[in-house]
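Just below is one structure, and these are the notes that go with it.
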Amino acid sequence: KDRVVLAVPGGSTPKLFFHKLSKIQLDWNRVLIIPTDERFVPETSDLSNAGFIRSTLLQNCAMEAKILTFFKPSIPIEELAWHISNELRTILPIDICILGMGLDMHTASIFPDSDRLDDALDLNTSNVLIPIKSSSINEMRLTLTARVLREASELHLLITGPDKKTALNYALQSKDDWHSAPVRSILFSDTALKIHYAN
């Protein structure tokens, strides 16, 4: 395969991992990086996942990797989601998908109180990337759907700290009720999931 699609999260958890990964010698010119989700903010914002990925992962050996970003200021978010979805369909499925999890058991930007939670979790949806918002986040976001995440060839979940370990253990107690714990859509998928935990 000429190209490898690597999906990665934002947030503080993967920072050290990205630094270490960037120093590994790989054929980075074959790697296309996509965010699992993105805030509808420019890359210059401290909240931008693409900006975070550029500053922490696209360094050292990994400078040759390419990134597909999910923000264009001149395009309304609904229209942007449509355009990027069409682009994503030409490169899917994801080869390696790395995800994080919040204390509320969200993953990517699939939050329990999201306005489009049903769409995000629907495994029969044709949607690839959807705009999403919730009362627990301050800005509109774009997120890959659970279907797209679950169809990755490899799935990895990064969590750190005892509080997230407790949340993960709670999520693992049931395969049902994805709405209250969206991370379950990943924990109980057909793709084997590797969980990486550190204090």
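Identifiers in this document derive from the order of the structure tokens: chains are assigned A, B, ..., residues are numbered from 1 separately in each chain, and ligands are numbered from 1 in order of occurrence.
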
Backbone DSSP call of strand (DSSP E or B) for range 17-116 of chain A, listed as a ChimeraX atom specification:
/A:31-35,37-39,66-67,96-99,107,110,114

Selection: 8 Å around Lys23 in chain A, only C-alpha atoms, excl. self and same-chain fewer than 2 positions, as a list in words:
His19, Lys20, Leu21, Gln25, Gln59, Asn60, Cys61 and Ala62 of chain A

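Between CA of Ser135 in chain A and CA of Ala198 in chain A the interatomic distance comes to 29.4 Å.
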
May I have the residues within 10 Å of Pro93 in chain A as a count of residues only, using only C-alpha atoms and disregarding those fewer than 3 positions away in the same chain?
14

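Nearest residue to Arg116 in chain A, choosing from A:Thr145, A:Met63, A:Trp28, A:Ser185 and counting only C-alpha atoms: A:Thr145.
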
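Rounded to one decimal, CA of Pro182 in chain A and CA of Met105 in chain A lie 6.2 Å from each other.
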
Show me, as JSON lines, the residues of range 131-191 of chain A having an atom within 7 Å of range 37-57 of chain A, each with the closest atom pair and its distance in Å, using only C-alpha atoms.
{"residue": "A:Glu139", "atom": "CA", "partner": "A:Arg39", "partner_atom": "CA", "distance": 6.5}
{"residue": "A:Met140", "atom": "CA", "partner": "A:Phe40", "partner_atom": "CA", "distance": 5.5}
{"residue": "A:Arg141", "atom": "CA", "partner": "A:Arg39", "partner_atom": "CA", "distance": 4.3}
{"residue": "A:Leu142", "atom": "CA", "partner": "A:Glu38", "partner_atom": "CA", "distance": 5.2}
{"residue": "A:Thr143", "atom": "CA", "partner": "A:Asp37", "partner_atom": "CA", "distance": 4.1}
{"residue": "A:Leu144", "atom": "CA", "partner": "A:Asp37", "partner_atom": "CA", "distance": 6.1}

Enter the distance from CA of Ser174 in chain A to CA of Ser126 in chain A, in Å, rounded to one decimal.
26.4 Å

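Taking only C-alpha atoms into account, His106 in chain A lies nearest to A:Val183 out of the set A:Ser74, A:Lys133, A:Val183, A:Leu58.
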